[in-house]
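Source file: upload_25.txt; contents: compact mmCIF, C-alpha atoms.
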```txt
# COMPACT_ATOMS: atom_id res chain seq x y z
CA MET I 1 126.66 54.70 -247.92
CA ASN I 2 123.90 56.98 -249.03
CA LYS I 3 125.34 60.43 -249.62
CA ASN I 4 121.93 62.06 -249.50
CA LYS I 5 121.31 60.69 -246.08
CA ILE I 6 124.66 61.94 -244.82
CA ASP I 7 123.98 65.36 -246.30
CA TYR I 8 120.58 65.39 -244.69
CA ILE I 9 122.04 64.62 -241.27
CA LEU I 10 124.73 67.26 -241.76
CA HIS I 11 121.99 69.72 -242.64
CA LEU I 12 120.22 69.00 -239.35
CA ALA I 13 123.51 69.29 -237.49
CA ASP I 14 124.55 72.55 -239.17
CA ASP I 15 121.21 74.20 -238.40
CA ALA I 16 121.65 73.39 -234.73
CA LEU I 17 125.34 74.31 -234.56
CA ILE I 18 125.02 77.67 -236.27
CA LEU I 19 121.99 78.80 -234.29
CA GLY I 20 123.66 77.54 -231.14
CA HIS I 21 126.72 79.59 -231.98
CA ARG I 22 124.65 82.69 -232.71
CA ASN I 23 122.86 82.40 -229.38
CA SER I 24 126.16 81.88 -227.58
CA GLU I 25 127.20 85.34 -228.74
CA TRP I 26 124.75 86.64 -226.12
CA CYS I 27 126.77 85.04 -223.33
CA GLY I 28 127.54 87.75 -220.81
CA GLN I 29 125.54 90.30 -222.78
CA GLY I 30 121.93 89.27 -222.18
CA PRO I 31 119.45 92.03 -221.32
CA VAL I 32 119.12 90.69 -217.77
CA LEU I 33 120.97 87.99 -215.89
CA GLU I 34 118.11 85.49 -216.00
CA GLN I 35 117.66 85.82 -219.75
CA ASP I 36 121.39 85.64 -220.34
CA ILE I 37 121.28 82.23 -218.70
CA ALA I 38 118.14 81.25 -220.62
CA ILE I 39 119.56 82.04 -224.05
CA THR I 40 122.88 80.33 -223.33
CA ASN I 41 121.02 77.27 -222.02
CA ILE I 42 119.25 77.13 -225.36
CA SER I 43 122.59 77.54 -227.05
CA LEU I 44 123.96 74.53 -225.18
CA ASP I 45 120.90 72.46 -226.04
CA LEU I 46 121.38 73.21 -229.73
CA ILE I 47 125.10 72.50 -229.71
CA GLY I 48 124.33 69.22 -227.94
CA GLN I 49 121.89 68.32 -230.70
CA ALA I 50 124.49 69.24 -233.31
CA ARG I 51 126.98 66.91 -231.63
CA ASN I 52 124.56 63.99 -231.78
CA PHE I 53 123.94 64.53 -235.46
CA TYR I 54 127.63 65.06 -236.30
CA GLN I 55 128.59 61.92 -234.41
CA TYR I 56 126.04 59.93 -236.34
CA ALA I 57 127.12 61.46 -239.64
CA ALA I 58 130.77 60.71 -238.85
CA GLN I 59 129.88 57.13 -238.09
CA LEU I 60 128.14 56.75 -241.46
CA ILE I 61 130.97 58.48 -243.34
CA ASN I 62 133.59 56.29 -241.72
CA GLY I 63 131.52 53.24 -242.44
CA SER I 64 131.53 53.97 -246.14
CA GLY I 65 135.28 54.58 -246.53
CA ASN I 66 138.37 54.62 -244.39
CA GLU I 67 138.46 58.31 -243.66
CA GLN I 68 138.94 59.41 -240.11
CA THR I 69 135.97 61.70 -239.76
CA THR I 70 134.85 62.86 -236.33
CA GLU I 71 132.25 65.27 -235.02
CA ASP I 72 135.09 67.79 -234.67
CA THR I 73 136.33 67.56 -238.24
CA LEU I 74 132.77 68.03 -239.44
CA ALA I 75 132.21 71.11 -237.31
CA TYR I 76 135.63 72.71 -237.55
CA LEU I 77 137.15 71.71 -240.85
CA ARG I 78 134.43 72.10 -243.45
CA ASP I 79 134.22 75.22 -245.57
CA ASN I 80 131.45 77.69 -246.07
CA ARG I 81 130.01 75.97 -249.13
CA GLN I 82 129.86 72.63 -247.39
CA PHE I 83 127.64 73.91 -244.60
CA LYS I 84 123.99 73.09 -245.16
CA ASN I 85 122.27 75.22 -242.58
CA CYS I 86 119.33 77.36 -243.62
CA LEU I 87 119.85 81.11 -244.02
CA LEU I 88 117.61 81.95 -241.06
CA VAL I 89 119.95 80.60 -238.40
CA GLU I 90 123.02 82.47 -239.61
CA GLN I 91 121.36 85.89 -239.50
CA PRO I 92 122.95 88.30 -237.01
CA ASN I 93 121.51 88.58 -233.52
CA GLY I 94 120.47 92.21 -233.91
CA ASP I 95 118.54 93.33 -230.85
CA TRP I 96 116.74 91.09 -228.38
CA ALA I 97 113.56 91.24 -230.49
CA LYS I 98 115.33 89.87 -233.54
CA THR I 99 117.06 87.10 -231.59
CA ILE I 100 113.75 86.14 -230.00
CA LEU I 101 111.90 86.12 -233.31
CA ARG I 102 114.62 84.06 -235.02
CA GLN I 103 114.44 81.54 -232.19
CA PHE I 104 110.65 81.45 -232.32
CA LEU I 105 110.48 80.96 -236.10
CA PHE I 106 113.13 78.26 -235.99
CA SER I 107 111.94 76.45 -232.85
CA SER I 108 108.42 76.23 -234.28
CA TYR I 109 109.87 74.58 -237.38
CA GLN I 110 112.19 72.33 -235.40
CA PHE I 111 109.36 71.28 -233.12
CA PHE I 112 107.24 69.89 -235.96
CA LEU I 113 110.31 68.54 -237.74
CA TYR I 114 111.50 66.52 -234.74
CA GLN I 115 107.98 65.37 -234.02
CA ARG I 116 108.00 63.83 -237.48
CA LEU I 117 111.59 62.66 -237.26
CA GLN I 118 111.04 60.72 -234.08
CA LYS I 119 108.86 58.37 -236.13
CA SER I 120 111.64 57.89 -238.67
CA ILE I 121 112.43 54.36 -239.74
CA ASP I 122 116.07 55.17 -238.93
CA ASP I 123 116.25 54.30 -235.24
CA HIS I 124 119.27 56.48 -234.61
CA LEU I 125 117.67 59.62 -236.03
CA ALA I 126 114.43 58.83 -234.26
CA ALA I 127 116.26 58.58 -230.95
CA ILE I 128 118.07 61.90 -231.41
CA ALA I 129 114.80 63.57 -232.37
CA GLU I 130 112.96 62.15 -229.40
CA LYS I 131 115.60 63.37 -226.98
CA SER I 132 115.86 66.80 -228.62
CA LEU I 133 112.13 67.34 -228.87
CA LYS I 134 111.86 67.92 -225.12
CA GLU I 135 114.43 70.69 -225.37
CA VAL I 136 112.83 72.23 -228.42
CA ALA I 137 109.40 72.19 -226.78
CA TYR I 138 110.86 74.43 -224.10
CA HIS I 139 112.62 76.71 -226.60
CA LEU I 140 109.32 77.13 -228.38
CA ARG I 141 107.46 77.90 -225.19
CA TRP I 142 110.10 80.36 -224.02
CA SER I 143 110.39 82.20 -227.32
CA SER I 144 106.60 82.30 -227.81
CA GLU I 145 106.23 83.94 -224.41
CA TRP I 146 108.79 86.55 -225.37
CA VAL I 147 107.22 87.26 -228.75
CA ILE I 148 103.95 87.94 -226.95
CA ARG I 149 105.58 90.07 -224.28
CA LEU I 150 107.43 92.20 -226.77
CA GLY I 151 104.60 92.41 -229.28
CA GLU I 152 102.14 93.49 -226.67
CA GLY I 153 104.66 95.39 -224.57
CA THR I 154 105.59 98.99 -225.06
CA ALA I 155 105.31 100.96 -228.29
CA GLU I 156 109.04 100.54 -228.74
CA SER I 157 109.13 96.78 -228.18
CA HIS I 158 106.20 96.41 -230.60
CA GLU I 159 108.06 98.49 -233.17
CA ARG I 160 111.19 96.38 -232.76
CA MET I 161 109.23 93.18 -233.28
CA LEU I 162 107.76 94.58 -236.51
CA LYS I 163 111.24 95.42 -237.68
CA ALA I 164 112.49 91.95 -236.80
CA ILE I 165 109.63 90.35 -238.75
CA ASP I 166 110.51 92.57 -241.67
CA GLU I 167 114.14 91.46 -241.56
CA LEU I 168 113.63 87.74 -240.99
CA TRP I 169 110.44 86.70 -242.74
CA MET I 170 112.13 86.34 -246.12
CA TYR I 171 114.24 83.48 -244.72
CA THR I 172 111.32 81.35 -243.56
CA GLY I 173 110.34 79.98 -246.97
CA GLU I 174 113.56 78.02 -247.20
CA LEU I 175 112.61 75.92 -244.18
CA PHE I 176 109.87 74.24 -246.23
CA THR I 177 111.63 74.08 -249.57
CA PRO I 178 113.21 70.63 -249.80
CA ALA I 179 116.89 70.57 -250.71
CA SER I 180 118.16 68.11 -253.31
CA TYR I 181 119.25 65.64 -250.64
CA GLU I 182 115.96 65.97 -248.82
CA THR I 183 113.76 64.86 -251.68
CA LEU I 184 116.13 62.06 -252.59
CA ALA I 185 117.21 60.97 -249.14
CA SER I 186 116.31 57.35 -249.10
CA THR I 187 116.15 56.24 -245.51
CA PRO I 188 114.06 58.68 -243.54
CA ALA I 189 111.87 59.51 -246.53
CA ASP I 190 108.79 59.72 -244.42
CA SER I 191 110.40 62.25 -242.15
CA THR I 192 112.02 64.57 -244.67
CA ASP I 193 108.97 65.87 -246.43
CA VAL I 194 109.49 69.33 -245.01
CA SER I 195 106.89 71.07 -247.16
CA SER I 196 104.19 69.11 -245.36
CA LEU I 197 105.21 70.71 -242.06
CA LYS I 198 104.31 74.14 -243.31
CA ALA I 199 100.60 74.12 -242.43
CA ASN I 200 101.28 73.27 -238.77
CA TRP I 201 104.05 75.84 -238.62
CA GLU I 202 101.89 78.61 -240.08
CA GLU I 203 99.11 77.84 -237.66
CA LYS I 204 101.48 78.08 -234.71
CA ILE I 205 103.06 81.32 -235.93
CA LYS I 206 99.65 82.83 -236.60
CA SER I 207 98.28 82.08 -233.16
CA VAL I 208 101.30 83.50 -231.34
CA LEU I 209 101.58 86.61 -233.53
CA ASN I 210 97.88 87.13 -233.06
CA GLU I 211 98.21 87.02 -229.29
CA ALA I 212 101.18 89.36 -229.59
CA THR I 213 99.02 91.83 -231.57
CA LEU I 214 101.49 91.51 -234.45
CA PRO I 215 100.26 91.14 -238.03
CA TYR I 216 100.92 87.92 -239.94
CA PRO I 217 103.36 89.02 -242.66
CA GLN I 218 102.44 89.54 -246.29
CA THR I 219 103.83 87.15 -248.85
CA VAL I 220 107.33 88.24 -249.81
CA PHE I 221 110.05 86.87 -252.05
CA MET I 222 111.72 84.05 -250.14
CA GLN I 223 115.51 83.78 -250.04
CA THR I 224 116.90 80.27 -250.42
CA GLY I 225 120.26 78.62 -250.96
CA GLY I 226 121.69 77.97 -247.50
CA LYS I 227 120.65 74.34 -247.45
CA GLU I 228 122.54 73.87 -250.74
CA GLY I 229 125.64 75.63 -249.44
CA LYS I 230 124.99 79.11 -250.82
CA HIS I 231 125.07 81.34 -247.79
CA THR I 232 124.78 84.97 -246.86
CA GLU I 233 128.02 86.75 -246.06
CA TYR I 234 127.41 86.19 -242.34
CA LEU I 235 128.29 82.50 -242.32
CA GLY I 236 131.89 83.24 -243.28
CA TYR I 237 132.35 85.40 -240.20
CA ILE I 238 130.74 82.80 -237.98
CA LEU I 239 133.06 80.09 -239.31
CA ALA I 240 136.08 82.34 -238.92
CA ASP I 241 135.15 82.77 -235.28
CA LEU I 242 134.31 79.11 -234.79
CA GLN I 243 137.14 77.50 -236.74
CA PHE I 244 140.11 79.81 -236.28
CA MET I 245 141.78 77.85 -233.50
CA GLN I 246 141.55 74.46 -235.23
CA ARG I 247 142.73 75.94 -238.52
CA ALA I 248 145.64 77.88 -237.01
CA TYR I 249 146.68 75.16 -234.57
CA PRO I 250 145.48 71.87 -236.07
CA GLY I 251 144.57 69.31 -233.45
CA CYS I 252 145.02 71.71 -230.55
CA GLU I 253 143.36 70.73 -227.30
CA TRP I 254 142.62 72.56 -224.10
CA MET M 1 125.77 113.18 -203.46
CA ASN M 2 122.40 112.06 -202.21
CA ASN M 3 122.76 108.55 -203.61
CA PHE M 4 122.14 105.82 -201.10
CA PHE M 5 120.96 102.26 -201.12
CA ARG M 6 117.69 101.43 -199.57
CA LYS M 7 117.54 97.96 -198.14
CA PHE M 8 114.16 96.28 -197.97
CA TYR M 9 113.41 93.66 -195.39
CA TYR M 10 111.12 90.91 -196.59
CA GLY M 11 107.54 91.89 -195.98
CA ASP M 12 108.60 95.46 -196.41
CA ILE M 13 108.81 95.57 -200.19
CA PRO M 14 106.72 98.32 -201.72
CA GLU M 15 103.68 97.41 -203.81
CA GLU M 16 105.12 98.63 -207.09
CA LYS M 17 108.10 96.29 -206.78
CA GLY M 18 105.97 93.34 -205.84
CA GLY M 19 105.01 91.81 -209.19
CA SER M 20 101.64 90.83 -210.58
CA ASP M 21 99.70 87.62 -211.07
CA SER M 22 98.86 87.99 -214.72
CA ARG M 23 101.27 88.24 -217.61
CA THR M 24 102.84 91.66 -217.71
CA ARG M 25 103.33 92.90 -221.24
CA VAL M 26 105.52 95.80 -220.31
CA SER M 27 109.17 95.08 -220.00
CA SER M 28 112.38 96.69 -221.01
CA PRO M 29 114.30 94.11 -222.99
CA GLY M 30 117.16 94.66 -225.36
CA GLY M 31 119.61 95.83 -222.77
CA ASP M 32 118.29 99.36 -222.97
CA LEU M 33 117.67 101.61 -220.00
CA LYS M 34 117.16 99.95 -216.68
CA GLY M 35 116.79 96.25 -217.37
CA SER M 36 115.90 94.10 -214.43
CA SER M 37 115.64 96.96 -211.97
CA ASP M 38 112.13 97.43 -213.35
CA TRP M 39 111.09 93.93 -212.51
CA PRO M 40 109.98 92.79 -209.09
CA LEU M 41 111.76 90.24 -206.99
CA TRP M 42 110.56 86.66 -206.62
CA GLU M 43 111.52 83.99 -204.10
CA ILE M 44 112.13 80.58 -205.64
CA PHE M 45 111.38 77.23 -204.01
CA ILE M 46 112.47 73.96 -205.59
CA ARG M 47 111.42 70.42 -204.77
CA SER M 48 114.38 68.25 -205.53
CA LYS M 49 112.39 65.03 -205.80
CA GLN M 50 108.94 63.65 -205.24
CA GLY M 51 108.07 63.31 -201.59
CA LEU M 52 110.42 66.00 -200.35
CA ASP M 53 109.33 69.49 -199.54
CA HIS M 54 110.08 72.62 -201.53
CA LYS M 55 113.20 74.41 -200.34
CA HIS M 56 114.11 78.02 -200.77
CA VAL M 57 116.96 78.27 -203.26
CA GLY M 58 117.24 81.98 -203.93
CA SER M 59 115.54 84.85 -205.63
CA LEU M 60 115.41 86.44 -209.05
CA HIS M 61 113.79 89.22 -211.03
CA ALA M 62 110.88 88.63 -213.38
CA ALA M 63 108.00 90.65 -214.78
CA ASP M 64 105.32 88.18 -213.68
CA ALA M 65 104.72 84.70 -212.28
CA GLN M 66 105.01 82.95 -215.63
CA MET M 67 108.37 84.53 -216.35
CA ALA M 68 109.52 83.86 -212.79
CA ILE M 69 108.86 80.13 -213.21
CA GLU M 70 110.69 80.05 -216.54
CA ASN M 71 113.60 82.05 -215.17
CA ALA M 72 113.75 79.74 -212.16
CA ARG M 73 113.82 76.75 -214.49
CA ASP M 74 116.80 78.25 -216.32
CA VAL M 75 118.65 79.61 -213.31
CA TYR M 76 118.04 76.97 -210.64
CA THR M 77 117.29 73.63 -212.31
CA ARG M 78 119.98 73.42 -215.00
CA ARG M 79 121.82 70.71 -213.10
CA MET M 80 118.76 68.57 -212.47
CA GLU M 81 118.10 70.08 -209.07
CA GLY M 82 114.37 69.91 -209.24
CA VAL M 83 111.09 68.36 -210.23
CA SER M 84 108.81 71.19 -209.11
CA ILE M 85 109.08 74.94 -208.77
CA TRP M 86 107.16 77.39 -206.60
CA VAL M 87 107.53 81.12 -206.98
CA VAL M 88 106.29 83.72 -204.52
CA GLN M 89 106.52 87.44 -204.87
CA SER M 90 108.98 88.64 -202.30
CA LYS M 91 106.56 91.27 -201.09
CA TYR M 92 104.30 88.51 -199.77
CA ILE M 93 106.99 87.08 -197.53
CA HIS M 94 106.63 88.48 -194.04
CA ALA M 95 109.64 88.10 -191.86
CA SER M 96 110.46 88.40 -188.21
CA ASN M 97 112.44 91.43 -187.24
CA PRO M 98 116.11 90.74 -186.43
CA ASP M 99 115.78 93.14 -183.49
CA ASP M 100 113.37 90.69 -181.87
CA ALA M 101 115.91 87.86 -181.89
CA LYS M 102 116.50 87.96 -178.14
CA SER M 103 112.89 87.53 -177.14
CA PHE M 104 112.04 85.26 -180.04
CA TYR M 105 114.76 82.66 -180.06
CA GLU M 106 116.95 82.77 -177.00
CA PRO M 107 114.30 81.47 -174.57
CA ALA M 108 114.46 78.12 -176.40
CA GLU M 109 118.17 77.70 -175.83
CA ASP M 110 118.00 75.94 -172.46
CA LYS M 111 115.06 73.69 -173.26
CA VAL M 112 116.76 70.63 -174.72
CA TYR M 113 113.85 68.44 -173.68
CA ARG M 114 111.97 69.86 -176.65
CA HIS M 115 114.28 68.01 -179.05
CA PRO M 116 112.93 64.61 -180.07
CA THR M 117 116.22 62.97 -179.17
CA PHE M 118 114.68 60.74 -176.53
CA TYR M 119 113.00 58.48 -179.04
CA ASP M 120 114.47 55.60 -181.01
CA LEU M 121 113.90 56.25 -184.69
CA PRO M 122 113.45 53.26 -186.98
CA ASP M 123 116.14 53.12 -189.67
CA GLU M 124 113.54 53.36 -192.42
CA VAL M 125 112.58 56.88 -191.42
CA LYS M 126 114.58 59.31 -193.46
CA HIS M 127 114.72 63.07 -193.71
CA MET M 128 114.12 63.68 -190.01
```
As structure tokens, what does this structure read like?
Amino acid sequence: MNKNKIDYILHLADDALILGHRNSEWCGQGPVLEQDIAITNISLDLIGQARNFYQYAAQLINGSGNEQTTEDTLAYLRDNRQFKNCLLVEQPNGDWAKTILRQFLFSSYQFFLYQRLQKSIDDHLAAIAEKSLKEVAYHLRWSSEWVIRLGEGTAESHERMLKAIDELWMYTGELFTPASYETLASTPADSTDVSSLKANWEEKIKSVLNEATLPYPQTVFMQTGGKEGKHTEYLGYILADLQFMQRAYPGCEW
Amino acid sequence: MNNFFRKFYYGDIPEEKGGSDSRTRVSSPGGDLKGSSDWPLWEIFIRSKQGLDHKHVGSLHAADAQMAIENARDVYTRRMEGVSIWVVQSKYIHASNPDDAKSFYEPAEDKVYRHPTFYDLPDEVKHM
């Protein structure tokens, strides 16, 4: 079985799982009850998407050998360097402004990505993308609204959004820099050309930032590496949190 | 020592707690200061499927109508409860006064002939 394709699917899954996990850290701590529910709903959507991708990846992996891979072994028993999520999704939650901006930047990307992916010649990927796109459309709408509210809100909320942009913008370049498995992935070739999504993404970001009275950021040096397994220090802590139980008590159930 | 709760009856909610029609930019996110106590109250109505009427399901805080609809979507339709949402600022709900209950409702108690129980309803008619 095509290793590039499996890596590509794991990359999609890891993005969703890690951001889902980050958002879940807000559970019980949201700024207001309604938004606590909103952000954890998004978290559940993302973890659901991750499950679909992991299940598909496991199916392909098992098909190529006799290993007993499952969605759980992929999520809970791979190490830091094997995770292929982009750096953006593993960044700490920070304040509400930073969480909102991270979600907005990522949902915008995911929206155009899934739009493309639902036309993939791989029926399974296309089906997952089609189902997930409805969720992502809402995440994008919700986070856009919040970017505008905060950007055009009080002096303090505006200031916090500027700070969030400053902290996160350097991780956006990676979204459109194809990883080795992306350029070589054979099956969904038409859907993996991430660099071609950039124009749409920029247009979306520009229009929302503009409405939010926030400046479109200057060009900065873009950090990359996450998609190839080279992560910031934060991923290790996330995995420790996520994987501790399965590592300490292998096969435990509850 | 002078702390006390003030209870508002519907229809009695002061203007400043009543919400606005257009998008409100001011909010206090980030868990700082007062949180939702700044935001007005909204009554939420959900239609559970086409052809049925909207039913009151509860209330929530939001800065404006747009946010109220999105909050309602997240709070009240997560288990596929609805296909349509209405939101109304609580200040626009006018309610009868509980003190008037005697004169309002009790006179109907002995007038059973007002119930449509003397008709045969066809089986096809639902939701009566």
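With only C-alpha atoms as the atoms that count, the residue of M:Asn71, M:Ser59, M:Ser90, M:Ser84 with the shortest distance to Ile46 in chain M is M:Ser84.
Interatomic distance, CA of Gly151 in chain I to CA of Ala137 in chain I: 20.9 Å.
Taking CA of Val87 in chain M and CA of Pro40 in chain M as the two end points, the separation is 12.1 Å.
One finds CA of Ser43 in chain I at 23.7 Å from CA of Lys163 in chain I.
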Would you tabulate, counting only C-alpha atoms, all residues of chain I that have an atom at most 9 Å from an atom of chain M, showing the closest pair of atoms and their distance in Å to one decimal, sorted by chain then ascending number, as CSV?
```
residue,atom,partner,partner_atom,distance
I:Gln29,CA,M:Gly31,CA,8.1
I:Gly30,CA,M:Gly31,CA,7.0
I:Pro31,CA,M:Gly31,CA,4.1
I:Val32,CA,M:Ser36,CA,5.8
I:Leu33,CA,M:Ser36,CA,8.1
I:Glu34,CA,M:Asn71,CA,5.7
I:Gln35,CA,M:Asn71,CA,7.2
I:Ile37,CA,M:Asp74,CA,6.4
I:Ala38,CA,M:Asp74,CA,5.4
I:Asn41,CA,M:Asp74,CA,7.2
I:Asp95,CA,M:Gly30,CA,5.8
I:Trp96,CA,M:Gly30,CA,4.7
I:Ala97,CA,M:Gly30,CA,7.1
I:Trp142,CA,M:Glu70,CA,7.5
I:Glu145,CA,M:Met67,CA,8.4
I:Ile148,CA,M:Arg25,CA,7.6
I:Arg149,CA,M:Arg25,CA,4.7
I:Leu150,CA,M:Arg25,CA,6.9
I:Gly151,CA,M:Arg25,CA,8.2
I:Glu152,CA,M:Arg25,CA,5.6
I:Gly153,CA,M:Val26,CA,4.4
I:Thr154,CA,M:Val26,CA,5.7
I:Ser157,CA,M:Pro29,CA,7.8
```
Practice task
Might you pull out every residue within 12 Å of Ile61 in chain I, with all atoms listed in the file counted and same-chain residues fewer than 5 positions away left off, and present them as a ChimeraX atom specification?
Solution key: /I:1-7,9-10,54-56,66-71,73-74
Selection export as a short mmCIF file (atom, residue, chain, number, x, y, z; two decimals), in the coordinates of the input, atoms kept: C-alpha atoms:
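This is the output file again-v1.cif:
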```
data_model
loop_
_atom_site.label_atom_id
_atom_site.label_comp_id
_atom_site.auth_asym_id
_atom_site.auth_seq_id
_atom_site.Cartn_x
_atom_site.Cartn_y
_atom_site.Cartn_z
CA MET I 1 126.66 54.70 -247.92
CA ASN I 2 123.90 56.98 -249.03
CA LYS I 3 125.34 60.43 -249.62
CA ASN I 4 121.93 62.06 -249.50
CA LYS I 5 121.31 60.69 -246.08
CA ILE I 6 124.66 61.94 -244.82
CA ASP I 7 123.98 65.36 -246.30
CA ILE I 9 122.04 64.62 -241.27
CA LEU I 10 124.73 67.26 -241.76
CA TYR I 54 127.63 65.06 -236.30
CA GLN I 55 128.59 61.92 -234.41
CA TYR I 56 126.04 59.93 -236.34
CA ASN I 66 138.37 54.62 -244.39
CA GLU I 67 138.46 58.31 -243.66
CA GLN I 68 138.94 59.41 -240.11
CA THR I 69 135.97 61.70 -239.76
CA THR I 70 134.85 62.86 -236.33
CA GLU I 71 132.25 65.27 -235.02
CA THR I 73 136.33 67.56 -238.24
CA LEU I 74 132.77 68.03 -239.44
#
```
Exercise for the section: Give the answer as one residue: which of I:Leu19, I:Ala50, I:Leu105, I:Ile39 has the shortest atom-to-atom distance to Thr172 in chain I, using only C-alpha atoms? Expected result: I:Leu105
Completion exercise
Shortest contact to Gln50 in chain M, candidates M:Tyr76, M:Glu81, M:Phe118, M:Asp64, atoms counted only C-alpha atoms, goes to M:Glu81
Exercise for the section: Excluding His231 in chain I and residues on its chain fewer than 6 positions from it, collect all residues at most 9 Å away from it, counting only C-alpha atoms, and give them as a list in words. Expected result: Asn80, Arg81, Phe83, Lys84, Asn85, Cys86, Leu87, Glu90, Thr224 and Gly225 of chain I
